[in-house]
$ cat my_file15.cif   # mmCIF, C-alpha atoms
data_final
#
loop_
_atom_site.label_atom_id
_atom_site.label_comp_id
_atom_site.auth_asym_id
_atom_site.auth_seq_id
_atom_site.Cartn_x
_atom_site.Cartn_y
_atom_site.Cartn_z
CA MET A 1 0.00 0.00 0.00
CA ILE A 2 1.70 3.19 -1.19
CA ASP A 3 -0.09 5.93 0.74
CA LEU A 4 2.64 8.41 1.77
CA ILE A 5 5.22 9.92 -0.56
CA LYS A 6 7.25 13.10 -0.98
CA ILE A 7 7.70 14.86 -4.29
CA LYS A 8 9.30 18.14 -5.38
CA VAL A 9 7.31 20.41 -7.68
CA LYS A 10 8.57 23.44 -9.59
CA ALA A 11 6.27 25.72 -11.54
CA GLY A 12 7.65 27.22 -14.75
CA ASP A 13 9.60 30.47 -14.81
CA GLY A 14 8.22 33.42 -16.75
CA GLY A 15 9.91 34.30 -20.03
CA LYS A 16 12.06 37.40 -20.28
CA GLY A 17 10.67 40.46 -22.00
CA ALA A 18 12.27 41.34 -25.33
CA VAL A 19 14.41 44.36 -26.20
CA ALA A 20 13.62 45.17 -29.82
CA PHE A 21 13.01 48.17 -32.06
CA ARG A 22 10.83 48.66 -35.08
CA HIS A 23 12.90 49.01 -38.25
CA GLU A 24 10.67 49.25 -41.27
CA LYS A 25 10.49 51.37 -44.38
CA TYR A 26 8.59 54.59 -43.86
CA TYR A 27 8.95 54.18 -40.06
CA PRO A 28 12.36 55.73 -39.34
CA ASN A 29 11.41 56.39 -35.71
CA GLY A 30 9.49 53.20 -35.09
CA GLY A 31 10.45 53.04 -31.43
CA PRO A 32 10.67 50.08 -29.06
CA SER A 33 8.70 46.98 -30.00
CA GLY A 34 9.88 44.25 -27.62
CA GLY A 35 7.08 41.88 -26.60
CA ASP A 36 6.29 40.43 -23.17
CA GLY A 37 7.56 37.05 -22.03
CA GLY A 38 5.18 34.12 -21.63
CA ARG A 39 3.81 32.96 -18.31
CA GLY A 40 5.44 29.97 -16.66
CA GLY A 41 3.38 26.80 -16.47
CA ASN A 42 1.29 26.04 -13.36
CA ILE A 43 1.23 22.75 -11.46
CA TYR A 44 -2.15 21.28 -10.55
CA ILE A 45 -3.18 18.23 -8.55
CA GLN A 46 -6.38 16.47 -9.59
CA VAL A 47 -8.40 13.52 -8.33
CA ASP A 48 -8.43 10.54 -10.67
CA THR A 49 -10.96 7.91 -9.62
CA ASN A 50 -9.04 5.30 -11.63
CA GLU A 51 -6.17 5.59 -9.15
CA THR A 52 -6.40 3.76 -5.83
CA THR A 53 -2.88 4.26 -4.46
CA LEU A 54 0.04 6.65 -4.96
CA ILE A 55 2.18 3.90 -6.50
CA ARG A 56 2.45 5.70 -9.87
CA LEU A 57 4.31 8.51 -8.12
CA ARG A 58 6.52 6.24 -6.04
CA TYR A 59 9.64 6.75 -8.17
CA THR A 60 8.83 10.29 -9.28
CA LYS A 61 11.25 12.55 -7.45
CA SER A 62 10.25 15.83 -9.04
CA VAL A 63 7.73 17.41 -11.39
CA LYS A 64 8.46 20.58 -13.35
CA ALA A 65 6.15 22.70 -15.48
CA GLY A 66 7.27 24.39 -18.70
CA ASN A 67 9.00 27.77 -18.74
CA GLY A 68 7.50 30.71 -20.57
CA SER A 69 9.17 31.70 -23.85
CA PRO A 70 10.91 35.08 -24.21
CA GLY A 71 9.01 37.96 -25.79
CA LEU A 72 9.27 38.52 -29.53
CA THR A 73 9.65 41.50 -31.82
CA LYS A 74 6.70 43.61 -32.99
CA LYS A 75 5.31 43.49 -29.44
CA MET A 76 4.43 39.81 -29.81
CA HIS A 77 3.85 37.85 -26.63
CA GLY A 78 6.04 34.85 -25.86
CA LYS A 79 4.39 31.43 -25.58
CA ASP A 80 3.14 30.42 -22.13
CA GLY A 81 4.78 27.42 -20.47
CA GLU A 82 2.86 24.14 -20.43
CA ASP A 83 0.87 23.35 -17.30
CA VAL A 84 1.34 20.01 -15.54
CA THR A 85 -1.38 18.04 -13.73
CA ILE A 86 -0.49 15.40 -11.14
CA ARG A 87 -3.23 12.77 -10.81
CA VAL A 88 -3.90 11.25 -7.39
CA PRO A 89 -6.54 9.01 -5.78
CA LEU A 90 -9.62 10.31 -4.01
CA GLY A 91 -8.82 11.07 -0.38
CA THR A 92 -5.32 12.47 -0.94
CA MET A 93 -4.10 15.22 1.37
CA VAL A 94 -1.36 17.55 0.11
CA ARG A 95 0.98 19.12 2.66
CA ASN A 96 3.97 21.42 2.45
CA ALA A 97 6.75 19.11 3.59
CA ALA A 98 8.75 22.05 4.98
CA ASN A 99 6.18 23.08 7.61
CA ASN A 100 3.45 20.40 7.38
CA ASP A 101 0.82 22.99 6.38
CA LEU A 102 -2.23 21.52 4.67
CA MET A 103 -2.37 22.85 1.09
CA ALA A 104 -5.19 20.74 -0.36
CA ASP A 105 -7.64 18.08 0.79
CA LEU A 106 -9.04 16.21 -2.20
CA THR A 107 -12.34 14.67 -1.15
CA LYS A 108 -14.45 14.99 -4.32
CA PRO A 109 -14.18 13.11 -7.63
CA GLY A 110 -12.52 15.24 -10.29
CA GLN A 111 -11.48 17.93 -7.79
CA LYS A 112 -8.56 19.98 -9.09
CA VAL A 113 -6.41 22.49 -7.21
CA LEU A 114 -3.62 24.85 -8.21
CA ILE A 115 -0.57 24.00 -6.09
CA ALA A 116 2.31 25.98 -7.62
CA HIS A 117 1.87 29.18 -9.61
CA GLY A 118 4.00 29.80 -12.68
CA GLY A 119 6.05 33.00 -12.78
CA LYS A 120 4.75 36.02 -14.66
CA GLY A 121 6.42 36.90 -17.93
CA GLY A 122 8.66 39.96 -17.99
CA LEU A 123 7.49 43.12 -19.76
CA GLY A 124 9.07 44.04 -23.08
CA ASN A 125 10.94 47.28 -23.57
CA HIS A 126 8.01 49.07 -25.22
CA HIS A 127 6.43 49.39 -21.76
CA PHE A 128 9.35 51.51 -20.53
CA ALA A 129 9.40 54.22 -23.18
CA THR A 130 9.17 57.70 -21.69
CA ALA A 131 9.57 61.26 -22.93
CA ARG A 132 13.05 61.27 -21.45
CA ASP A 133 13.99 57.88 -22.85
CA ASN A 134 12.06 56.98 -26.00
CA ALA A 135 14.38 54.06 -26.86
CA PRO A 136 14.82 52.01 -23.65
CA GLU A 137 17.20 49.08 -23.85
CA TYR A 138 15.69 47.40 -20.83
CA ALA A 139 13.12 44.63 -20.47
CA GLN A 140 11.97 42.85 -17.34
CA PRO A 141 13.23 39.37 -16.52
CA GLY A 142 10.51 36.81 -15.96
CA GLU A 143 9.45 35.89 -12.43
CA ILE A 144 10.57 32.60 -10.90
CA GLY A 145 7.84 29.98 -10.56
CA GLU A 146 6.85 28.68 -7.13
CA SER A 147 8.51 25.52 -5.87
CA PHE A 148 7.64 23.21 -2.98
CA GLU A 149 8.47 19.84 -1.58
CA LEU A 150 5.08 18.20 -1.14
CA GLN A 151 4.01 15.34 1.08
CA LEU A 152 1.12 13.41 -0.46
CA GLU A 153 -0.83 11.40 2.07
CA LEU A 154 -3.67 9.08 1.08
CA ARG A 155 -6.47 8.59 3.57
CA LEU A 156 -9.22 6.20 2.61
CA LEU A 157 -12.72 7.66 2.38
CA ALA A 158 -14.73 4.95 4.11
CA ASP A 159 -17.97 5.48 6.03
CA ALA A 160 -17.15 2.77 8.56
CA GLY A 161 -13.90 1.17 9.63
CA LEU A 162 -13.35 -2.25 11.17
CA ILE A 163 -10.81 -2.01 13.99
CA GLY A 164 -9.39 -4.52 16.44
CA PHE A 165 -6.44 -6.80 17.05
CA PRO A 166 -5.23 -9.15 14.29
CA SER A 167 -7.15 -12.41 13.84
CA VAL A 168 -10.33 -11.25 15.56
CA GLY A 169 -12.37 -11.78 12.38
CA LYS A 170 -12.37 -8.37 10.68
CA SER A 171 -11.47 -9.68 7.21
CA THR A 172 -14.06 -12.45 7.52
CA PHE A 173 -16.65 -9.89 8.61
CA LEU A 174 -15.91 -7.76 5.52
CA SER A 175 -16.05 -10.75 3.16
CA VAL A 176 -19.43 -11.85 4.55
CA VAL A 177 -21.23 -8.48 4.45
CA SER A 178 -19.80 -7.20 1.13
CA ALA A 179 -18.42 -8.41 -2.18
CA ALA A 180 -14.84 -7.76 -1.02
CA ARG A 181 -12.57 -10.81 -0.97
CA PRO A 182 -9.68 -10.08 1.39
CA GLU A 183 -7.05 -12.69 2.21
CA ILE A 184 -8.09 -14.58 5.35
CA ALA A 185 -5.89 -16.68 7.64
CA SER A 186 -5.45 -17.43 11.32
CA TYR A 187 -2.06 -15.80 11.85
CA PRO A 188 -1.38 -12.14 12.70
CA PHE A 189 -0.79 -9.43 10.09
CA THR A 190 -2.32 -11.39 7.20
CA THR A 191 -3.80 -8.08 5.99
CA LEU A 192 -1.00 -5.78 4.90
CA GLU A 193 -3.22 -3.12 3.35
CA PRO A 194 -6.76 -1.84 3.94
CA ASN A 195 -9.53 -3.70 2.14
CA ILE A 196 -12.74 -1.96 1.11
CA GLY A 197 -16.21 -3.23 0.36
CA VAL A 198 -19.67 -1.72 -0.20
CA VAL A 199 -22.44 -2.85 2.16
CA ALA A 200 -25.92 -2.65 0.61
CA LEU A 201 -28.76 -2.87 3.13
CA ASP A 202 -31.76 -1.67 1.14
CA GLU A 203 -32.27 -0.36 -2.38
CA ASP A 204 -31.17 3.16 -1.42
CA ARG A 205 -29.17 2.55 1.77
CA SER A 206 -25.52 1.56 1.54
CA PHE A 207 -22.14 2.50 2.93
CA VAL A 208 -18.44 1.88 2.36
CA LEU A 209 -16.77 -0.42 4.88
CA ALA A 210 -12.99 -0.74 5.30
CA ASP A 211 -10.93 -3.31 7.18
CA MET A 212 -8.24 -1.38 9.07
CA PRO A 213 -5.31 -3.66 9.98
CA GLY A 214 -2.10 -3.00 11.85
CA LEU A 215 -3.39 -2.26 15.35
CA ILE A 216 -1.47 -3.73 18.27
CA GLU A 217 -0.28 -2.34 21.57
CA GLY A 218 2.13 0.48 20.72
CA ALA A 219 0.52 1.19 17.33
CA SER A 220 0.30 4.92 18.12
CA GLU A 221 4.11 4.88 18.50
CA GLY A 222 4.54 3.24 15.11
CA LYS A 223 4.85 -0.38 16.24
CA GLY A 224 3.61 -3.05 13.86
CA LEU A 225 1.77 -1.33 11.03
CA GLY A 226 0.24 1.29 13.33
CA HIS A 227 1.10 4.61 11.73
CA GLU A 228 0.52 3.17 8.26
CA PHE A 229 -3.21 2.74 8.92
CA LEU A 230 -4.20 4.85 11.92
CA ARG A 231 -4.29 7.80 9.53
CA HIS A 232 -7.03 6.09 7.50
CA ILE A 233 -9.23 5.60 10.57
CA ARG A 234 -9.49 9.36 11.06
CA ARG A 235 -11.77 9.73 8.01
CA CYS A 236 -14.29 7.03 9.03
CA ARG A 237 -17.64 8.25 10.32
CA VAL A 238 -18.09 5.26 12.63
CA LEU A 239 -15.78 2.56 13.99
CA ILE A 240 -16.84 -1.08 14.29
CA HIS A 241 -14.67 -2.53 17.04
CA VAL A 242 -14.41 -6.30 16.59
CA ILE A 243 -13.34 -8.28 19.67
CA ASP A 244 -12.46 -11.98 19.79
CA MET A 245 -14.73 -13.17 22.59
CA SER A 246 -13.39 -16.75 22.50
CA GLY A 247 -10.45 -15.75 24.71
CA GLU A 248 -8.13 -18.09 22.82
CA GLU A 249 -5.43 -15.52 22.10
CA ARG A 250 -6.04 -12.69 24.60
CA ASP A 251 -8.40 -11.41 27.25
CA PRO A 252 -11.22 -9.51 25.45
CA ARG A 253 -11.27 -6.91 28.23
CA ASP A 254 -7.61 -6.07 27.62
CA ASP A 255 -8.14 -5.97 23.85
CA TYR A 256 -10.89 -3.38 24.18
CA ARG A 257 -8.88 -1.21 26.57
CA ILE A 258 -5.63 -1.36 24.59
CA ILE A 259 -7.16 -0.52 21.22
CA ASN A 260 -9.02 2.49 22.61
CA GLU A 261 -5.91 3.72 24.39
CA GLU A 262 -3.93 3.51 21.14
CA LEU A 263 -6.62 5.44 19.26
CA ALA A 264 -6.63 8.20 21.89
CA ARG A 265 -2.83 8.44 21.93
CA TYR A 266 -2.69 8.82 18.16
CA ASP A 267 -5.50 11.38 17.92
CA MET A 268 -7.85 12.50 20.69
CA ASP A 269 -10.65 12.99 18.15
CA LEU A 270 -10.69 9.24 17.44
CA GLU A 271 -11.83 8.65 21.00
CA LYS A 272 -14.97 10.70 20.28
CA LYS A 273 -15.98 8.81 17.13
CA PRO A 274 -19.11 6.63 17.38
CA GLN A 275 -18.03 3.08 18.10
CA ILE A 276 -20.00 -0.14 17.71
CA VAL A 277 -18.60 -2.95 19.82
CA VAL A 278 -18.90 -6.42 18.30
CA ALA A 279 -18.37 -9.57 20.36
CA ASN A 280 -17.27 -11.96 17.62
CA LYS A 281 -16.70 -15.73 17.63
CA MET A 282 -19.72 -16.30 19.87
CA ASP A 283 -19.91 -19.80 18.43
CA ASP A 284 -17.00 -20.76 20.69
CA GLU A 285 -18.01 -22.65 23.85
CA LEU A 286 -16.11 -20.28 26.17
CA ALA A 287 -17.38 -17.10 24.53
CA PRO A 288 -20.48 -16.64 26.80
CA GLU A 289 -18.26 -16.71 29.90
CA PHE A 290 -15.85 -14.12 28.51
CA LEU A 291 -18.78 -11.98 27.35
CA GLU A 292 -20.18 -11.93 30.88
CA LEU A 293 -16.79 -10.85 32.26
CA PHE A 294 -16.55 -8.17 29.58
CA ARG A 295 -19.98 -6.74 30.45
CA GLU A 296 -19.03 -6.65 34.12
CA ALA A 297 -15.90 -4.68 33.24
CA TYR A 298 -17.73 -2.32 30.83
CA PRO A 299 -21.38 -2.18 31.93
CA ASP A 300 -22.13 0.99 29.91
CA VAL A 301 -20.93 -0.44 26.59
CA LYS A 302 -23.58 -1.88 24.27
CA VAL A 303 -22.28 -5.14 22.80
CA TYR A 304 -23.50 -6.85 19.63
CA GLU A 305 -23.04 -10.65 19.62
CA THR A 306 -21.91 -12.11 16.29
CA SER A 307 -20.43 -15.16 14.66
CA THR A 308 -18.91 -14.35 11.30
CA LEU A 309 -18.24 -18.07 10.80
CA GLU A 310 -21.95 -18.86 11.10
CA HIS A 311 -23.14 -15.52 9.66
CA LYS A 312 -25.12 -14.72 12.83
CA GLY A 313 -25.86 -11.30 14.34
CA LEU A 314 -24.32 -9.33 11.47
CA LYS A 315 -27.49 -7.60 10.27
CA GLU A 316 -28.00 -5.83 13.62
CA VAL A 317 -24.44 -4.50 13.50
CA LEU A 318 -24.83 -3.21 9.95
CA TYR A 319 -28.11 -1.40 10.65
CA ALA A 320 -26.63 0.17 13.79
CA ALA A 321 -23.66 1.34 11.72
CA MET A 322 -26.00 2.71 9.04
CA GLU A 323 -27.88 4.79 11.62
CA CYS A 324 -24.62 6.30 12.91
CA ILE A 325 -23.43 7.03 9.37
CA GLU A 326 -26.71 8.70 8.36
CA GLN A 327 -26.60 10.85 11.48
CA ALA A 328 -22.98 11.83 10.72
CA ARG A 329 -23.89 12.67 7.12
CA LYS A 330 -26.77 14.85 8.32
CA GLU A 331 -24.49 16.70 10.75
CA ALA A 332 -21.92 17.20 8.00
CA GLU A 333 -24.57 18.79 5.76
CA GLU A 334 -25.76 21.07 8.56
CA ASN A 335 -22.21 22.02 9.59
CA PRO A 336 -20.10 22.04 6.41
CA GLU A 337 -17.30 24.10 7.98
CA THR A 338 -15.52 21.17 9.59
CA PRO A 339 -11.70 21.18 9.97
CA GLU A 340 -9.59 19.75 7.14
CA GLU A 341 -12.58 18.35 5.25
CA THR A 342 -13.37 21.75 3.68
CA VAL A 343 -9.81 22.87 2.96
CA VAL A 344 -9.30 23.29 -0.77
CA TYR A 345 -6.16 25.41 -0.93
CA ARG A 346 -4.35 27.44 1.65
CA TYR A 347 -1.51 29.79 0.85
CA GLU A 348 1.43 30.03 3.18
CA PRO A 349 1.23 33.00 5.57
CA LYS A 350 2.37 36.13 3.70
CA ARG A 351 5.85 37.17 4.75
CA PRO A 352 7.40 40.65 4.37
CA ALA A 353 8.83 41.25 0.88
CA PHE A 354 12.25 41.96 2.43
CA GLU A 355 14.07 42.41 5.72
CA ILE A 356 16.88 44.85 6.55
CA ILE A 357 19.65 43.31 8.70
CA ASN A 358 22.33 45.43 10.40
CA LEU A 359 25.63 43.54 10.17
CA GLY A 360 27.55 46.25 12.06
CA ASN A 361 30.52 48.37 11.02
CA GLY A 362 28.49 50.20 8.36
CA ARG A 363 27.37 47.03 6.58
CA TRP A 364 23.73 46.13 5.88
CA LYS A 365 22.02 43.21 4.20
CA VAL A 366 18.73 43.19 2.30
CA GLU A 367 17.24 39.74 2.99
CA SER A 368 14.73 38.76 0.30
CA ASP A 369 14.42 35.74 -2.00
CA LYS A 370 12.57 37.82 -4.60
CA ILE A 371 15.17 40.61 -4.66
CA ASP A 372 17.99 38.05 -4.78
CA ARG A 373 16.42 36.46 -7.87
CA LEU A 374 16.00 39.85 -9.53
CA ALA A 375 19.62 40.80 -8.80
CA GLU A 376 20.93 37.60 -10.40
CA GLN A 377 19.22 38.54 -13.67
CA VAL A 378 20.60 42.09 -13.86
CA ASP A 379 23.67 42.90 -15.94
CA PHE A 380 25.28 45.59 -13.77
CA ASP A 381 27.68 46.46 -16.58
CA LYS A 382 24.70 47.97 -18.39
CA GLU A 383 23.71 51.35 -17.00
CA GLU A 384 20.08 50.98 -18.11
CA GLU A 385 19.55 47.67 -16.30
CA THR A 386 21.30 48.94 -13.17
CA TYR A 387 19.09 52.04 -13.17
CA ARG A 388 15.93 49.96 -13.59
CA PHE A 389 16.99 47.67 -10.76
CA ALA A 390 17.51 50.68 -8.49
CA VAL A 391 14.07 52.03 -9.44
CA THR A 392 12.52 48.62 -8.65
CA LEU A 393 14.11 48.61 -5.18
CA GLN A 394 12.87 52.12 -4.59
CA LYS A 395 9.31 51.18 -5.57
CA MET A 396 9.45 48.16 -3.25
CA GLY A 397 10.35 50.50 -0.37
CA VAL A 398 13.88 49.21 0.16
CA GLU A 399 15.48 52.67 0.08
CA ALA A 400 13.01 54.06 2.62
CA ALA A 401 13.50 51.01 4.85
CA LEU A 402 17.29 51.49 4.77
CA TYR A 403 16.93 55.14 5.81
CA GLU A 404 14.58 54.13 8.61
CA ALA A 405 17.01 51.46 9.81
CA GLY A 406 19.78 54.08 10.05
CA VAL A 407 21.96 53.54 7.00
CA GLN A 408 24.48 56.33 6.35
CA ASP A 409 26.03 57.71 3.17
CA GLY A 410 28.95 55.45 2.18
CA ASP A 411 27.71 52.35 4.04
CA GLN A 412 27.84 49.04 2.25
CA VAL A 413 24.57 47.30 1.32
CA ILE A 414 24.60 43.60 0.41
CA VAL A 415 21.94 42.44 -2.06
CA GLY A 416 22.18 38.78 -2.99
CA THR A 417 25.83 38.18 -3.89
CA TYR A 418 26.51 41.85 -4.68
CA ILE A 419 27.96 44.57 -2.42
CA MET A 420 26.89 48.14 -3.20
CA ASP A 421 27.84 51.52 -1.76
CA PHE A 422 24.87 53.50 -0.47
CA LYS A 423 24.66 57.05 -1.84
CA GLU A 424 22.18 59.66 -0.70
#

$ encode --input "my_file15.cif" --output "structure tokens"
Amino acid sequence: MIDLIKIKVKAGDGGKGAVAFRHEKYYPNGGPSGGDGGRGGNIYIQVDTNETTLIRLRYTKSVKAGNGSPGLTKKMHGKDGEDVTIRVPLGTMVRNAANNDLMADLTKPGQKVLIAHGGKGGLGNHHFATARDNAPEYAQPGEIGESFELQLELRLLADAGLIGFPSVGKSTFLSVVSAARPEIASYPFTTLEPNIGVVALDEDRSFVLADMPGLIEGASEGKGLGHEFLRHIRRCRVLIHVIDMSGEERDPRDDYRIINEELARYDMDLEKKPQIVVANKMDDELAPEFLELFREAYPDVKVYETSTLEHKGLKEVLYAAMECIEQARKEAEENPETPEETVVYRYEPKRPAFEIINLGNGRWKVESDKIDRLAEQVDFDKEEETYRFAVTLQKMGVEAALYEAGVQDGDQVIVGTYIMDFKE
């Protein structure tokens, strides 16, 4: 089961604006005619219902969208970079791997979100013509596209989840009440990935049931297959807790306590989920005695007696689960603003465009990723580009911020990898 991967994405860079002039017969003073650069390609993530795991992305280390083409002569716009769409299964959560922020929660078929914006194309030189300079030899560089390291996490979208220790009869339960055919055996950890089936009660009443394996004592700390599948349980509307009441392997009272403790340790909200307790393997001769002890230990817990081997008592469990699911669906419709479920896209908190750092001894540093990228694309041997870069810094408020910070005439200002003398 491939349900957690990391992948680097890089949106396309914008194309550079063109520096060009119109040279045609009868137009001796044609003026600047450099076109704008194309937009860099965006990166989208979209739900594909044909995908059930993230295995197709397992060996994909990075995804990059196309860069925008440079501007052309005659004010023609450069070609936009090609967009890229990453297809993922329903139930995929997209997080920023750097800070674990949730960027997208894909819970609807066909849902598509924009994850990384392509950079804007630079303006051509015809935009910079003025009365003072009617033949500018400057064009804007294109903006750099956004880049992230993403963590894609698949959480199954099941209405009900079967939980419990290995070999208590969960897989058998699923195979009896649905068309799912999971592997069934009497030894622990037979099920290495969640199995899903659809339970149809009436013509218009049905729900999705998932067998959630991997729970043992210490599962919340990652023992066994705990972390691999506890994340899936969080999406279930109701939990069906199957307990082996035969007492052959363990004491049913301990099983119930341990599983609930592990759920609470992993996520406190799991403790609040509706839970249907199923006393399975009631066909065993010792089961009635263990059931009596269990009820003495947990008198407030309603217990449903079943035998998956003999197909007894299952209908009552399914109808009880259906009632809980319908109630949860109704509450979800009345209160749509629930955490995580309604998140479509969330930008990172907006940071200041730049920061002025006093290095002491008359040296200052302008800290800004955007300004660093702009500086790397400027040819400081060309007076026009240097002037335009200075104007850009002034418009961004860098000069005013330096004055406010206390910079003096003749101090050194570091921008990116360049050291400049400050002049009033």

$ closest_residue --input "my_file15.cif" --among "A:Gly78, A:Asn42, A:Gly118, A:Cys236" --to "Ala328 in chain A" --atoms "all atoms listed in the file"
A:Cys236

$ resolve_selection --input "my_file15.cif" --expression "the PyMOL selection byres ((chain A and resi 19) around 10)" --output "list in words"
Lys16, Gly17, Ala18, Ala20, Phe21, Pro32, Ser33, Gly34, Gly35, Asp36, Gly71, Leu72, Thr73, Lys75, Leu123, Gly124, Asn125, His126, Ala135, Pro136, Glu137, Tyr138, Ala139 and Gln140 of chain A

$ residues_around --input "my_file15.cif" --residues "Leu286 in chain A" --least-positions-apart "2" --cutoff "8 Å" --atoms "only C-alpha atoms" --output "list in words"
Ser246, Gly247, Asp284, Pro288, Glu289 and Phe290 of chain A

$ closest_residue --input "my_file15.cif" --among "A:Val278, A:Ala11, A:Ala116, A:Ile196" --to "Leu174 in chain A" --atoms "all atoms listed in the file"
A:Ile196

$ closest_residue --input "my_file15.cif" --among "A:Val366, A:Asp48, A:Leu150, A:Leu54" --to "Leu106 in chain A" --atoms "only C-alpha atoms"
A:Asp48

$ closest_residue --input "my_file15.cif" --among "A:Glu292, A:Glu323, A:Glu355, A:Asp80" --to "Ile414 in chain A" --atoms "all atoms listed in the file"
A:Glu355

$ closest_residue --input "my_file15.cif" --among "A:Ser171, A:Asn29, A:Asn96, A:Asn260" --to "Ala210 in chain A" --atoms "only C-alpha atoms"
A:Ser171

$ atom_distance --input "my_file15.cif" --atom1 "CA of Ala104 in chain A" --atom2 "CA of Gly91 in chain A"
10.3 Å

$ closest_residue --input "my_file15.cif" --among "A:Pro166, A:Gly40, A:Pro70, A:Pro299" --to "Glu146 in chain A" --atoms "only C-alpha atoms"
A:Gly40

$ atom_distance --input "my_file15.cif" --atom1 "CA of Gln46 in chain A" --atom2 "CA of Ser147 in chain A"
17.8 Å

$ residues_near_point --input "my_file15.cif" --point "(-21.1, -1.4, 21.4)" --cutoff "7 Å" --atoms "only C-alpha atoms" --output "NGL selection string"
:A and (275-278 or 301-304)

$ write_last_selection --input "my_file15.cif" --atoms "C-alpha atoms" --output "PDB file, keeping the file's coordinate frame"
ATOM      1  CA  GLN A 275     -18.030   3.080  18.100  1.00  0.00           C
ATOM      2  CA  ILE A 276     -20.000  -0.140  17.710  1.00  0.00           C
ATOM      3  CA  VAL A 277     -18.600  -2.950  19.820  1.00  0.00           C
ATOM      4  CA  VAL A 278     -18.900  -6.420  18.300  1.00  0.00           C
ATOM      5  CA  VAL A 301     -20.930  -0.440  26.590  1.00  0.00           C
ATOM      6  CA  LYS A 302     -23.580  -1.880  24.270  1.00  0.00           C
ATOM      7  CA  VAL A 303     -22.280  -5.140  22.800  1.00  0.00           C
ATOM      8  CA  TYR A 304     -23.500  -6.850  19.630  1.00  0.00           C
TER       9      TYR A 304
END

$ residues_near_point --input "my_file15.cif" --point "(-21.4, -15.1, 13.7)" --cutoff "9 Å" --atoms "only C-alpha atoms" --output "PyMOL selection string"
chain A and resi 173+280-283+305-314

$ atom_distance --input "my_file15.cif" --atom1 "CA of Arg237 in chain A" --atom2 "CA of Arg329 in chain A"
8.3 Å

$ resolve_selection --input "my_file15.cif" --expression "the PyMOL selection byres ((chain A and resi 206) around 10)" --output "PyMOL selection string"
chain A and resi 159+198-205+207-209+318-319+322+325-326

$ resolve_selection --input "my_file15.cif" --expression "the PyMOL selection byres ((chain A and resi 370-374) around 8)" --output "list in words"
Pro141, Ile144, Ala353, Phe354, Glu367, Ser368, Asp369, Ala375, Glu376, Gln377, Val378, Phe389, Val415, Gly416 and Thr417 of chain A

$ residues_around --input "my_file15.cif" --residues "range 265-272 of chain A" --least-positions-apart "3" --cutoff "7 Å" --atoms "only C-alpha atoms" --output "VMD selection string"
chain A and resid 220 234 260 to 262

$ residues_around --input "my_file15.cif" --residues "Met420 in chain A" --least-positions-apart "6" --cutoff "10 Å" --atoms "all atoms listed in the file" --output "list in words"
Arg363, Trp364, Gly410, Asp411, Gln412, Val413 and Ile414 of chain A

$ residues_around --input "my_file15.cif" --residues "Gly68 in chain A" --least-positions-apart "5" --cutoff "8 Å" --atoms "only C-alpha atoms" --output "ChimeraX atom specification"
/A:12-15,37-41,78-81,121

$ write_last_selection --input "my_file15.cif" --atoms "C-alpha atoms" --output "tab-separated table (two decimals), in the frame of the given file"
chain	number	residue	atom	x	y	z
A	12	GLY	CA	7.65	27.22	-14.75
A	13	ASP	CA	9.60	30.47	-14.81
A	14	GLY	CA	8.22	33.42	-16.75
A	15	GLY	CA	9.91	34.30	-20.03
A	37	GLY	CA	7.56	37.05	-22.03
A	38	GLY	CA	5.18	34.12	-21.63
A	39	ARG	CA	3.81	32.96	-18.31
A	40	GLY	CA	5.44	29.97	-16.66
A	41	GLY	CA	3.38	26.80	-16.47
A	78	GLY	CA	6.04	34.85	-25.86
A	79	LYS	CA	4.39	31.43	-25.58
A	80	ASP	CA	3.14	30.42	-22.13
A	81	GLY	CA	4.78	27.42	-20.47
A	121	GLY	CA	6.42	36.90	-17.93
